[in-house]
>>> print(open('target26.tsv').read())   # TSV, C-alpha atoms
chain	number	residue	atom	x	y	z
A	1	MET	CA	93.69	27.88	152.12
A	2	ALA	CA	96.21	28.61	154.89
A	3	GLN	CA	98.68	31.43	154.35
A	4	PRO	CA	102.26	30.11	153.83
A	5	ALA	CA	104.52	30.86	156.79
A	6	TRP	CA	106.91	32.95	154.68
A	7	GLU	CA	104.06	35.24	153.64
A	8	HIS	CA	102.97	35.88	157.24
A	9	ASP	CA	102.75	39.61	157.93
A	10	PRO	CA	102.97	40.08	161.70
A	11	GLN	CA	100.39	42.45	163.08
A	12	PRO	CA	100.98	44.14	166.44
A	13	LEU	CA	98.42	43.47	169.14
A	14	PRO	CA	95.90	46.34	169.20
A	15	LEU	CA	96.29	48.28	172.44
A	16	ASP	CA	92.56	48.27	173.07
A	17	SER	CA	92.69	44.47	173.32
A	18	ALA	CA	94.58	44.69	176.63
A	19	PRO	CA	92.17	43.91	179.52
A	20	LEU	CA	92.27	47.06	181.64
A	21	PRO	CA	92.18	46.94	185.44
A	22	GLU	CA	88.86	47.96	187.00
A	23	TYR	CA	90.14	51.26	188.39
A	24	GLY	CA	87.44	53.08	190.32
A	25	SER	CA	85.10	50.12	190.78
A	26	GLY	CA	86.95	46.85	191.37
A	27	SER	CA	90.72	47.27	191.68
A	28	LEU	CA	93.02	46.83	194.68
A	29	ALA	CA	93.20	50.62	194.95
A	30	ASP	CA	89.45	50.69	195.67
A	31	LEU	CA	89.46	48.23	198.59
A	32	LEU	CA	90.64	50.23	201.61
A	33	PRO	CA	88.74	53.41	200.64
A	34	THR	CA	85.56	51.30	200.43
A	35	LEU	CA	86.17	49.78	203.88
A	36	ALA	CA	87.15	53.13	205.40
A	37	ALA	CA	84.09	54.85	203.93
A	38	GLY	CA	81.94	52.23	205.63
A	39	MET	CA	83.57	53.19	208.94
A	40	GLY	CA	82.87	56.87	208.42
A	41	VAL	CA	86.39	58.04	207.54
A	42	PRO	CA	86.07	61.48	205.87
A	43	GLY	CA	87.00	61.77	202.21
A	44	MET	CA	86.75	58.05	201.48
A	45	THR	CA	84.53	56.65	198.71
A	46	ALA	CA	82.85	53.24	198.70
A	47	ALA	CA	83.96	52.39	195.16
A	48	ILE	CA	83.38	48.61	195.39
A	49	GLY	CA	79.62	48.77	195.62
A	50	GLU	CA	79.16	45.07	196.38
A	51	LEU	CA	80.73	45.28	199.86
A	52	THR	CA	78.63	45.77	202.99
A	53	PRO	CA	80.10	48.07	205.68
A	54	ALA	CA	81.49	46.62	208.91
A	55	ASP	CA	82.74	48.25	212.11
A	56	ARG	CA	85.90	46.17	212.08
A	57	ASN	CA	87.73	45.28	208.89
A	58	CYS	CA	90.76	43.06	208.31
A	59	VAL	CA	92.66	42.72	205.03
A	60	PHE	CA	94.87	39.64	204.77
A	61	LEU	CA	97.08	40.02	201.70
A	62	ILE	CA	98.72	36.81	200.44
A	63	ASP	CA	101.58	37.76	198.16
A	64	GLY	CA	101.33	36.04	194.79
A	65	LEU	CA	98.03	34.18	195.22
A	66	GLY	CA	96.13	34.90	192.02
A	67	TRP	CA	92.45	34.14	191.49
A	68	GLU	CA	93.14	31.65	188.71
A	69	GLN	CA	95.78	29.77	190.71
A	70	LEU	CA	93.45	29.49	193.71
A	71	LYS	CA	90.58	28.22	191.55
A	72	ALA	CA	92.90	25.63	189.99
A	73	HIS	CA	93.86	24.07	193.35
A	74	PRO	CA	90.69	23.68	195.46
A	75	GLU	CA	91.94	20.45	197.02
A	76	ASP	CA	95.02	22.24	198.43
A	77	ALA	CA	93.05	25.19	199.81
A	78	PRO	CA	89.65	23.82	200.85
A	79	PHE	CA	88.78	26.65	203.21
A	80	MET	CA	89.52	29.44	200.73
A	81	ALA	CA	87.93	27.45	197.91
A	82	SER	CA	84.74	27.28	199.98
A	83	LEU	CA	84.68	31.09	199.96
A	84	LEU	CA	85.12	31.56	196.21
A	85	ALA	CA	81.41	31.66	195.37
A	86	GLY	CA	80.87	34.52	197.83
A	87	SER	CA	83.89	36.52	196.69
A	88	ARG	CA	83.50	40.28	196.22
A	89	GLY	CA	80.35	40.72	198.22
A	90	GLY	CA	78.63	37.58	197.04
A	91	THR	CA	79.14	38.13	193.31
A	92	GLY	CA	81.72	35.37	192.98
A	93	ARG	CA	84.00	37.77	191.11
A	94	PRO	CA	87.65	38.76	191.66
A	95	LEU	CA	89.32	42.15	191.89
A	96	THR	CA	91.96	43.38	189.47
A	97	ALA	CA	95.44	44.21	190.73
A	98	GLY	CA	96.26	47.23	188.56
A	99	TYR	CA	99.11	47.66	186.10
A	100	PRO	CA	101.75	46.48	186.46
A	101	ALA	CA	100.66	43.49	188.55
A	102	THR	CA	103.70	43.55	190.83
A	103	THR	CA	104.24	43.80	194.56
A	104	ALA	CA	105.57	47.34	195.05
A	105	THR	CA	102.91	48.81	192.78
A	106	SER	CA	100.07	46.79	194.28
A	107	LEU	CA	101.01	47.41	197.92
A	108	ALA	CA	101.12	51.14	197.20
A	109	SER	CA	97.71	50.91	195.52
A	110	VAL	CA	96.28	49.02	198.51
A	111	GLY	CA	97.70	51.34	201.14
A	112	THR	CA	97.10	54.71	199.50
A	113	GLY	CA	93.83	53.82	197.78
A	114	LEU	CA	95.24	55.35	194.60
A	115	PRO	CA	96.10	53.86	191.19
A	116	PRO	CA	99.75	53.73	190.07
A	117	GLY	CA	99.57	56.91	188.00
A	118	ALA	CA	98.82	58.85	191.18
A	119	HIS	CA	100.86	57.13	193.89
A	120	GLY	CA	103.85	56.97	191.57
A	121	LEU	CA	105.19	53.43	191.97
A	122	PRO	CA	104.43	52.31	188.39
A	123	GLY	CA	106.77	49.34	188.18
A	124	TYR	CA	109.35	47.04	189.73
A	125	THR	CA	112.18	49.29	188.53
A	126	VAL	CA	111.59	52.73	187.02
A	127	ARG	CA	113.75	55.67	186.06
A	128	ASN	CA	114.16	58.43	188.62
A	129	PRO	CA	113.81	61.58	186.49
A	130	ASP	CA	115.91	63.57	188.96
A	131	THR	CA	118.96	61.29	188.75
A	132	GLY	CA	118.49	59.36	185.51
A	133	GLU	CA	119.07	56.10	187.40
A	134	LEU	CA	116.87	53.05	187.62
A	135	MET	CA	115.17	52.88	191.02
A	136	ASN	CA	114.07	49.51	192.42
A	137	GLN	CA	110.80	50.32	194.18
A	138	LEU	CA	110.55	47.01	196.02
A	139	ARG	CA	114.03	47.12	197.54
A	140	TRP	CA	114.20	50.95	197.42
A	141	GLN	CA	117.64	51.00	195.80
A	142	PRO	CA	119.30	53.37	195.29
A	143	TRP	CA	117.85	55.07	198.35
A	144	THR	CA	115.43	57.86	197.50
A	145	ALA	CA	113.62	60.21	199.88
A	146	PRO	CA	110.28	58.42	200.44
A	147	GLY	CA	108.09	61.49	201.10
A	148	PRO	CA	108.64	63.31	197.80
A	149	TRP	CA	108.49	60.03	195.87
A	150	GLN	CA	105.03	59.16	197.26
A	151	PRO	CA	103.54	62.20	199.02
A	152	TYR	CA	99.95	61.07	199.59
A	153	PRO	CA	98.72	59.91	203.02
A	154	THR	CA	97.81	56.26	203.38
A	155	VAL	CA	94.28	55.15	204.18
A	156	PHE	CA	95.64	53.85	207.50
A	157	GLN	CA	96.85	57.34	208.38
A	158	LEU	CA	93.51	58.90	207.48
A	159	ALA	CA	91.62	56.22	209.40
A	160	HIS	CA	93.81	56.72	212.48
A	161	GLU	CA	93.20	60.47	212.35
A	162	ALA	CA	89.45	59.76	212.21
A	163	GLY	CA	89.60	57.71	215.41
A	164	VAL	CA	89.73	54.25	213.85
A	165	HIS	CA	92.10	51.74	215.48
A	166	ALA	CA	94.55	51.10	212.60
A	167	ALA	CA	97.26	48.44	212.71
A	168	GLN	CA	99.57	46.40	210.51
A	169	VAL	CA	100.72	42.92	211.56
A	170	SER	CA	103.55	41.63	209.41
A	171	SER	CA	107.14	40.39	209.45
A	172	PRO	CA	109.43	42.55	211.63
A	173	THR	CA	111.67	42.83	208.56
A	174	PHE	CA	109.22	45.25	206.95
A	175	GLN	CA	108.68	47.61	209.90
A	176	ASN	CA	111.05	50.39	208.85
A	177	THR	CA	111.37	49.91	205.10
A	178	PRO	CA	110.71	52.88	202.81
A	179	LEU	CA	108.05	50.87	200.94
A	180	THR	CA	106.16	50.31	204.21
A	181	LYS	CA	106.49	54.01	205.00
A	182	VAL	CA	105.02	55.22	201.71
A	183	ALA	CA	102.43	52.46	201.25
A	184	LEU	CA	101.29	51.00	204.56
A	185	SER	CA	102.18	53.33	207.45
A	186	GLY	CA	99.62	54.74	209.87
A	187	GLY	CA	98.40	53.54	213.23
A	188	THR	CA	100.70	50.95	214.78
A	189	PHE	CA	103.02	48.31	213.27
A	190	HIS	CA	103.35	44.96	215.04
A	191	GLY	CA	106.11	42.62	213.92
A	192	ARG	CA	105.40	38.91	214.32
A	193	LEU	CA	107.60	36.18	212.89
A	194	THR	CA	105.30	33.24	212.22
A	195	GLY	CA	102.08	33.13	210.27
A	196	GLU	CA	100.23	31.75	213.28
A	197	GLU	CA	101.44	34.61	215.47
A	198	ARG	CA	100.28	37.12	212.88
A	199	MET	CA	96.80	35.60	212.67
A	200	ASP	CA	96.37	35.52	216.44
A	201	PHE	CA	97.64	39.06	216.92
A	202	ALA	CA	95.58	40.43	214.03
A	203	ALA	CA	92.46	39.06	215.71
A	204	ARG	CA	93.42	40.78	218.97
A	205	GLN	CA	94.03	44.05	217.13
A	206	LEU	CA	90.60	43.86	215.54
A	207	ALA	CA	89.05	43.56	218.98
A	208	ALA	CA	91.08	46.49	220.33
A	209	GLY	CA	88.73	49.15	218.93
A	210	ASP	CA	85.04	49.70	218.32
A	211	ARG	CA	86.14	50.59	214.79
A	212	SER	CA	89.26	48.80	213.59
A	213	LEU	CA	91.21	48.55	210.34
A	214	VAL	CA	93.86	45.82	210.43
A	215	TYR	CA	96.22	44.64	207.69
A	216	THR	CA	98.26	41.45	207.76
A	217	TYR	CA	100.51	39.83	205.16
A	218	TYR	CA	102.16	36.58	204.12
A	219	ALA	CA	104.94	36.46	201.50
A	220	GLU	CA	106.03	32.89	200.88
A	221	VAL	CA	103.39	31.81	198.36
A	222	ASP	CA	105.01	34.33	196.02
A	223	GLY	CA	108.52	33.19	196.91
A	224	ALA	CA	107.70	29.55	196.17
A	225	GLY	CA	106.11	30.50	192.85
A	226	HIS	CA	109.11	32.50	191.72
A	227	ARG	CA	111.60	29.78	192.64
A	228	PHE	CA	109.72	26.62	191.73
A	229	GLY	CA	106.61	27.60	189.74
A	230	VAL	CA	102.91	27.72	190.55
A	231	ASP	CA	102.35	24.03	189.91
A	232	SER	CA	105.23	22.78	192.05
A	233	ASP	CA	104.92	20.72	195.21
A	234	THR	CA	106.62	23.52	197.12
A	235	TRP	CA	104.06	26.07	195.92
A	236	ARG	CA	101.16	23.77	196.72
A	237	GLY	CA	102.62	23.21	200.18
A	238	GLN	CA	102.64	26.95	200.76
A	239	LEU	CA	99.05	27.17	199.54
A	240	MET	CA	98.01	24.47	202.01
A	241	TYR	CA	99.75	26.31	204.83
A	242	VAL	CA	98.25	29.71	204.08
A	243	ASP	CA	94.78	28.14	203.74
A	244	ARG	CA	95.12	26.99	207.35
A	245	LEU	CA	96.20	30.50	208.35
A	246	VAL	CA	93.10	32.02	206.78
A	247	GLN	CA	90.88	29.56	208.62
A	248	ARG	CA	92.75	30.21	211.88
A	249	LEU	CA	92.11	33.95	211.59
A	250	ALA	CA	88.51	33.49	210.47
A	251	GLU	CA	87.73	31.39	213.54
A	252	GLN	CA	88.98	34.15	215.88
A	253	LEU	CA	87.20	37.18	214.45
A	254	PRO	CA	85.58	39.42	217.06
A	255	PRO	CA	81.95	40.50	216.55
A	256	ARG	CA	81.03	42.95	213.77
A	257	THR	CA	84.11	42.07	211.70
A	258	ALA	CA	84.64	41.55	207.99
A	259	LEU	CA	87.78	39.66	206.93
A	260	TYR	CA	88.90	40.12	203.32
A	261	VAL	CA	91.53	37.81	201.83
A	262	THR	CA	93.20	39.18	198.74
A	263	ALA	CA	96.53	39.28	196.90
A	264	ASP	CA	98.81	41.70	195.09
A	265	HIS	CA	99.02	39.72	191.83
A	266	GLY	CA	98.80	36.26	190.32
A	267	MET	CA	101.58	34.42	188.52
A	268	ILE	CA	102.40	32.45	185.38
A	269	ASP	CA	105.14	29.88	184.77
A	270	VAL	CA	107.32	30.60	181.73
A	271	PRO	CA	109.26	27.79	179.99
A	272	PHE	CA	113.06	27.98	179.84
A	273	ASP	CA	113.73	28.24	176.13
A	274	GLU	CA	114.59	30.97	173.65
A	275	GLN	CA	111.07	31.06	172.27
A	276	HIS	CA	109.59	32.02	175.64
A	277	ARG	CA	112.52	33.92	177.16
A	278	ILE	CA	113.78	36.68	174.90
A	279	ASP	CA	117.15	37.90	176.17
A	280	PHE	CA	117.50	41.67	175.87
A	281	ASP	CA	121.22	41.42	176.63
A	282	GLU	CA	121.76	39.21	173.58
A	283	ASP	CA	119.35	40.92	171.15
A	284	TRP	CA	120.96	43.80	169.31
A	285	GLU	CA	117.66	44.87	167.74
A	286	LEU	CA	115.92	45.36	171.08
A	287	ARG	CA	118.99	47.08	172.57
A	288	ALA	CA	119.33	49.62	169.76
A	289	GLY	CA	118.62	53.13	171.02
A	290	VAL	CA	117.80	51.97	174.56
A	291	ALA	CA	119.46	53.82	177.43
A	292	LEU	CA	117.81	51.93	180.32
A	293	LEU	CA	115.71	48.78	180.63
A	294	GLY	CA	113.28	48.95	183.53
A	295	GLY	CA	110.26	47.09	184.86
A	296	GLU	CA	110.42	43.29	184.83
A	297	GLY	CA	110.18	40.47	182.34
A	298	ARG	CA	106.44	40.70	181.65
A	299	ALA	CA	106.01	44.45	182.19
A	300	ARG	CA	108.88	46.43	180.74
A	301	HIS	CA	109.62	50.14	180.93
A	302	VAL	CA	112.02	51.03	178.10
A	303	TYR	CA	113.88	54.35	178.30
A	304	ALA	CA	115.28	55.49	174.98
A	305	VAL	CA	118.33	57.52	174.17
A	306	PRO	CA	117.04	61.09	173.57
A	307	GLY	CA	115.78	61.35	170.00
A	308	ALA	CA	115.47	57.58	169.52
A	309	GLU	CA	112.04	57.17	171.10
A	310	ASN	CA	110.11	56.57	167.87
A	311	ASP	CA	112.74	54.19	166.50
A	312	VAL	CA	112.70	52.12	169.69
A	313	LEU	CA	108.90	51.98	169.66
A	314	THR	CA	108.86	50.88	166.02
A	315	CYS	CA	111.49	48.20	166.60
A	316	TRP	CA	109.92	46.78	169.74
A	317	ARG	CA	106.56	46.66	168.01
A	318	GLU	CA	107.99	44.84	165.00
A	319	VAL	CA	109.95	42.33	167.05
A	320	LEU	CA	107.50	41.73	169.91
A	321	GLY	CA	104.15	43.09	168.80
A	322	GLU	CA	102.42	39.73	168.39
A	323	GLN	CA	103.33	38.63	171.96
A	324	PHE	CA	103.34	41.94	173.84
A	325	TRP	CA	101.13	44.97	173.94
A	326	VAL	CA	103.72	47.60	173.00
A	327	ALA	CA	102.80	51.24	173.58
A	328	SER	CA	104.46	54.59	173.76
A	329	ARG	CA	104.30	56.33	177.13
A	330	ASP	CA	101.48	58.59	175.97
A	331	GLU	CA	99.57	55.70	174.40
A	332	ALA	CA	99.78	53.65	177.60
A	333	ILE	CA	98.61	56.64	179.64
A	334	GLU	CA	95.78	57.44	177.25
A	335	ALA	CA	94.69	53.79	177.28
A	336	GLY	CA	94.39	53.99	181.07
A	337	TRP	CA	96.97	51.32	181.93
A	338	PHE	CA	98.17	53.21	185.02
A	339	GLY	CA	94.80	54.65	186.02
A	340	PRO	CA	92.51	57.48	184.93
A	341	HIS	CA	95.13	60.19	185.36
A	342	ILE	CA	98.89	60.58	185.78
A	343	ASP	CA	100.46	62.96	188.28
A	344	GLU	CA	103.05	65.26	186.73
A	345	ARG	CA	105.82	63.91	188.98
A	346	VAL	CA	105.05	60.36	187.75
A	347	TYR	CA	104.99	61.03	184.00
A	348	ALA	CA	108.73	60.60	183.29
A	349	ARG	CA	109.00	57.54	185.54
A	350	ILE	CA	107.01	55.64	182.92
A	351	GLY	CA	109.04	54.25	180.03
A	352	ASP	CA	109.23	55.93	176.65
A	353	VAL	CA	108.03	52.50	175.52
A	354	VAL	CA	105.90	50.20	177.70
A	355	ALA	CA	105.70	46.48	176.84
A	356	ALA	CA	103.16	44.20	178.55
A	357	ALA	CA	103.21	40.46	177.83
A	358	CYS	CA	100.17	38.76	176.36
A	359	ASP	CA	101.58	35.26	175.81
A	360	ASP	CA	103.63	33.14	178.24
A	361	VAL	CA	106.82	35.00	177.36
A	362	LEU	CA	109.45	37.13	179.11
A	363	ILE	CA	111.96	39.76	178.14
A	364	ILE	CA	114.81	38.68	180.39
A	365	ALA	CA	118.16	40.40	180.82
A	366	SER	CA	120.57	37.59	181.67
A	367	GLU	CA	123.55	39.85	182.42
A	368	ARG	CA	121.83	42.83	184.10
A	369	GLU	CA	119.19	40.83	185.97
A	370	PRO	CA	120.57	37.30	186.53
A	371	LYS	CA	118.37	36.47	189.54
A	372	GLU	CA	115.14	37.75	188.01
A	373	SER	CA	115.96	36.05	184.69
A	374	ALA	CA	116.21	32.66	186.45
A	375	MET	CA	112.73	32.77	188.02
A	376	VAL	CA	110.21	30.07	187.04
A	377	GLY	CA	107.05	31.96	188.01
A	378	ASN	CA	106.61	35.53	186.81
A	379	HIS	CA	104.03	38.30	186.83
A	380	GLY	CA	103.47	41.94	185.92
A	381	SER	CA	101.19	42.09	182.90
A	382	MET	CA	97.44	42.34	182.33
A	383	THR	CA	96.56	38.71	181.58
A	384	PRO	CA	93.93	37.14	183.87
A	385	ALA	CA	96.51	34.81	185.46
A	386	GLU	CA	98.44	37.84	186.72
A	387	GLN	CA	95.80	40.51	187.03
A	388	LEU	CA	92.90	38.81	188.81
A	389	VAL	CA	93.10	38.51	192.60
A	390	PRO	CA	90.65	37.10	195.15
A	391	LEU	CA	88.44	39.11	197.45
A	392	LEU	CA	87.28	36.33	199.76
A	393	GLU	CA	85.05	37.39	202.64
A	394	VAL	CA	84.30	36.06	206.12
A	395	ARG	CA	81.99	37.98	208.48
A	396	SER	CA	81.30	37.57	212.16
>>> encode(input="target26.tsv", output="structure tokens")
Amino acid sequence: MAQPAWEHDPQPLPLDSAPLPEYGSGSLADLLPTLAAGMGVPGMTAAIGELTPADRNCVFLIDGLGWEQLKAHPEDAPFMASLLAGSRGGTGRPLTAGYPATTATSLASVGTGLPPGAHGLPGYTVRNPDTGELMNQLRWQPWTAPGPWQPYPTVFQLAHEAGVHAAQVSSPTFQNTPLTKVALSGGTFHGRLTGEERMDFAARQLAAGDRSLVYTYYAEVDGAGHRFGVDSDTWRGQLMYVDRLVQRLAEQLPPRTALYVTADHGMIDVPFDEQHRIDFDEDWELRAGVALLGGEGRARHVYAVPGAENDVLTCWREVLGEQFWVASRDEAIEAGWFGPHIDERVYARIGDVVAAACDDVLIIASEREPKESAMVGNHGSMTPAEQLVPLLEVRS
């Protein structure tokens, strides 16, 4: 006999039910070290064992193109769909982004070859322990000295020092941003406006060295998903366009090259109603004892008023625990959400409470974050739709 609704006793999601990223064997942070190790760069480890070394390697990162979204639209991306079976060295498997599955975190993981707990960009917005302010790590606001915030060298820098021709080909807008400096610098940066120009120039950069490591990037799949959703005509149009870009680059690869097409995260559409969009700014229970709300709708960092940490954790678990994995900072770290270890400088950047969405829900903040709260497509958590990213491969 079914339990009456009024007798339902909500049980929080067990933390060990969250699907952890494959740190150390199949995450975005493992990609460049694996490629660099195959080119003989000192100190690099070939963590993704399925990949075969190549003298020239190109990573084309398509912002927002998750594995599940690509698999769901083979007719819109026939070239990439034809590569799915051979993904990740012929296994037909994806990579995992890392937690949270968001652009600033993932780009830092790609470029440094380190998980978030080490590189120190563990969210969209996080608290700066030195100032007590929220710091937006994508837009780098308020401005923070990049070097101390992320002190590790990038794989591009290490490859360049080892004699590998390293280059980034992206929008000129990104050339001098702090995020590029801490995540993707090293070798040379080449700004090109159109996708076609980037593909053509990336191919020339690959041919420019006997050993080459080239990175190129396209952003608008993500932008279309945020604005219109991942099943919109606009999003599908972007998918069609970027599929042609991948094929254009693949057809120009110089000899001894491996092209890897990947992404920083996937995406999920969230309905616009109170059941799916819980408004922090209008919920007195969730606001109680909270000094700062960080992260983003599906991957929240919650910073408590000193002394209120346990109360905030208890409340968030009671209110959200069936839809979110809700952990204390130490529980999230111990569970390995941010990687196998946490640097001391990163510890206090992580929320006193960390909430990762399991269902198709958001914690919006309509007054503090009006633009983010209005987005159709969202990402950040550990569900397959957000966490799994392609690793498509073309070799010449």
>>> closest_residue(input="target26.tsv", among="A:Ala108, A:Glu393, A:Leu28, A:Phe79", to="Leu259 of chain A", atoms="only C-alpha atoms")
A:Glu393
>>> closest_residue(input="target26.tsv", among="A:Ser232, A:Asn136, A:Ser109, A:Thr262", to="Leu184 of chain A", atoms="only C-alpha atoms")
A:Ser109
>>> closest_atom_pairs(input="target26.tsv", of="segment 259-316 of chain A", to="segment 112-135 of chain A", cutoff="8 Å", atoms="only C-alpha atoms", output="Markdown table")
| residue | atom | partner | partner_atom | distance |
| --- | --- | --- | --- | --- |
| A:Leu292 | CA | A:Leu134 | CA | 7.4 |
| A:Gly294 | CA | A:Thr125 | CA | 5.1 |
| A:Gly295 | CA | A:Thr125 | CA | 4.7 |
| A:Glu296 | CA | A:Tyr124 | CA | 6.3 |
| A:Ala299 | CA | A:Gly123 | CA | 7.8 |
| A:His301 | CA | A:Val126 | CA | 6.9 |
| A:Tyr303 | CA | A:Arg127 | CA | 7.9 |
>>> residues_near_point(input="target26.tsv", point="(104.3, 52.2, 202.9)", cutoff="10 Å", atoms="only C-alpha atoms", output="MDAnalysis selection string")
chainID A and resid 104 107:112 146 150 153:154 156 174:186
>>> closest_atom_pairs(input="target26.tsv", of="segment 163-254 of chain A", to="segment 361-380 of chain A", cutoff="10 Å", atoms="all atoms listed in the file", output="JSON lines")
{"residue": "A:Asp222", "atom": "CA", "partner": "A:Gly377", "partner_atom": "CA", "distance": 8.6}
{"residue": "A:Gly223", "atom": "CA", "partner": "A:Gly377", "partner_atom": "CA", "distance": 9.1}
{"residue": "A:Ala224", "atom": "CA", "partner": "A:Gly377", "partner_atom": "CA", "distance": 8.5}
{"residue": "A:Gly225", "atom": "CA", "partner": "A:Gly377", "partner_atom": "CA", "distance": 5.1}
{"residue": "A:His226", "atom": "CA", "partner": "A:Gly377", "partner_atom": "CA", "distance": 4.3}
{"residue": "A:Arg227", "atom": "CA", "partner": "A:Met375", "partner_atom": "CA", "distance": 5.6}
{"residue": "A:Phe228", "atom": "CA", "partner": "A:Val376", "partner_atom": "CA", "distance": 5.8}
{"residue": "A:Gly229", "atom": "CA", "partner": "A:Gly377", "partner_atom": "CA", "distance": 4.7}
{"residue": "A:Val230", "atom": "CA", "partner": "A:Gly377", "partner_atom": "CA", "distance": 6.4}
{"residue": "A:Asp231", "atom": "CA", "partner": "A:Gly377", "partner_atom": "CA", "distance": 9.4}
>>> closest_residue(input="target26.tsv", among="A:Gly351, A:Gly98, A:Pro53, A:Gly38", to="Gly339 of chain A", atoms="all atoms listed in the file")
A:Gly98
>>> closest_residue(input="target26.tsv", among="A:Pro78, A:Pro390, A:Gly266, A:Gly195", to="Leu249 of chain A", atoms="only C-alpha atoms")
A:Gly195
>>> residues_around(input="target26.tsv", residues="Ala167 of chain A", least_positions_apart="3", cutoff="9 Å", atoms="only C-alpha atoms", output="PDB file with C-alpha atoms, in the frame of the given file")
ATOM      1  CA  PHE A 156      95.640  53.850 207.500  1.00  0.00           C
ATOM      2  CA  HIS A 160      93.810  56.720 212.480  1.00  0.00           C
ATOM      3  CA  SER A 185     102.180  53.330 207.450  1.00  0.00           C
ATOM      4  CA  GLY A 186      99.620  54.740 209.870  1.00  0.00           C
ATOM      5  CA  GLY A 187      98.400  53.540 213.230  1.00  0.00           C
ATOM      6  CA  THR A 188     100.700  50.950 214.780  1.00  0.00           C
ATOM      7  CA  PHE A 189     103.020  48.310 213.270  1.00  0.00           C
ATOM      8  CA  HIS A 190     103.350  44.960 215.040  1.00  0.00           C
ATOM      9  CA  ALA A 202      95.580  40.430 214.030  1.00  0.00           C
ATOM     10  CA  GLN A 205      94.030  44.050 217.130  1.00  0.00           C
ATOM     11  CA  LEU A 206      90.600  43.860 215.540  1.00  0.00           C
ATOM     12  CA  SER A 212      89.260  48.800 213.590  1.00  0.00           C
ATOM     13  CA  LEU A 213      91.210  48.550 210.340  1.00  0.00           C
ATOM     14  CA  VAL A 214      93.860  45.820 210.430  1.00  0.00           C
ATOM     15  CA  TYR A 215      96.220  44.640 207.690  1.00  0.00           C
ATOM     16  CA  THR A 216      98.260  41.450 207.760  1.00  0.00           C
TER      17      THR A 216
END
>>> closest_residue(input="target26.tsv", among="A:Arg211, A:His165, A:Arg298, A:Arg395", to="Ala101 of chain A", atoms="all atoms listed in the file")
A:Arg298
>>> residues_near_point(input="target26.tsv", point="(109.1, 49.8, 166.3)", cutoff="12 Å", atoms="only C-alpha atoms", output="PyMOL selection string")
chain A and resi 11-12+285-286+288-289+308-321+326-328+353-355
>>> closest_residue(input="target26.tsv", among="A:Pro14, A:Gly237, A:Pro271, A:Pro94", to="Glu386 of chain A", atoms="all atoms listed in the file")
A:Pro94
>>> atom_distance(input="target26.tsv", atom1="atom CA of Thr45 of chain A", atom2="atom CA of Leu158 of chain A")
12.8 Å
>>> atom_distance(input="target26.tsv", atom1="atom CA of Ile268 of chain A", atom2="atom CA of Arg244 of chain A")
23.8 Å
>>> residues_around(input="target26.tsv", residues="Val221 of chain A", least_positions_apart="4", cutoff="7 Å", atoms="only C-alpha atoms", output="list in words")
Asp63, Gly64, Leu65, Gly225, Trp235, Gln238 and Leu239 of chain A
>>> atom_distance(input="target26.tsv", atom1="atom CA of Gly90 of chain A", atom2="atom CA of Gln69 of chain A")
19.9 Å
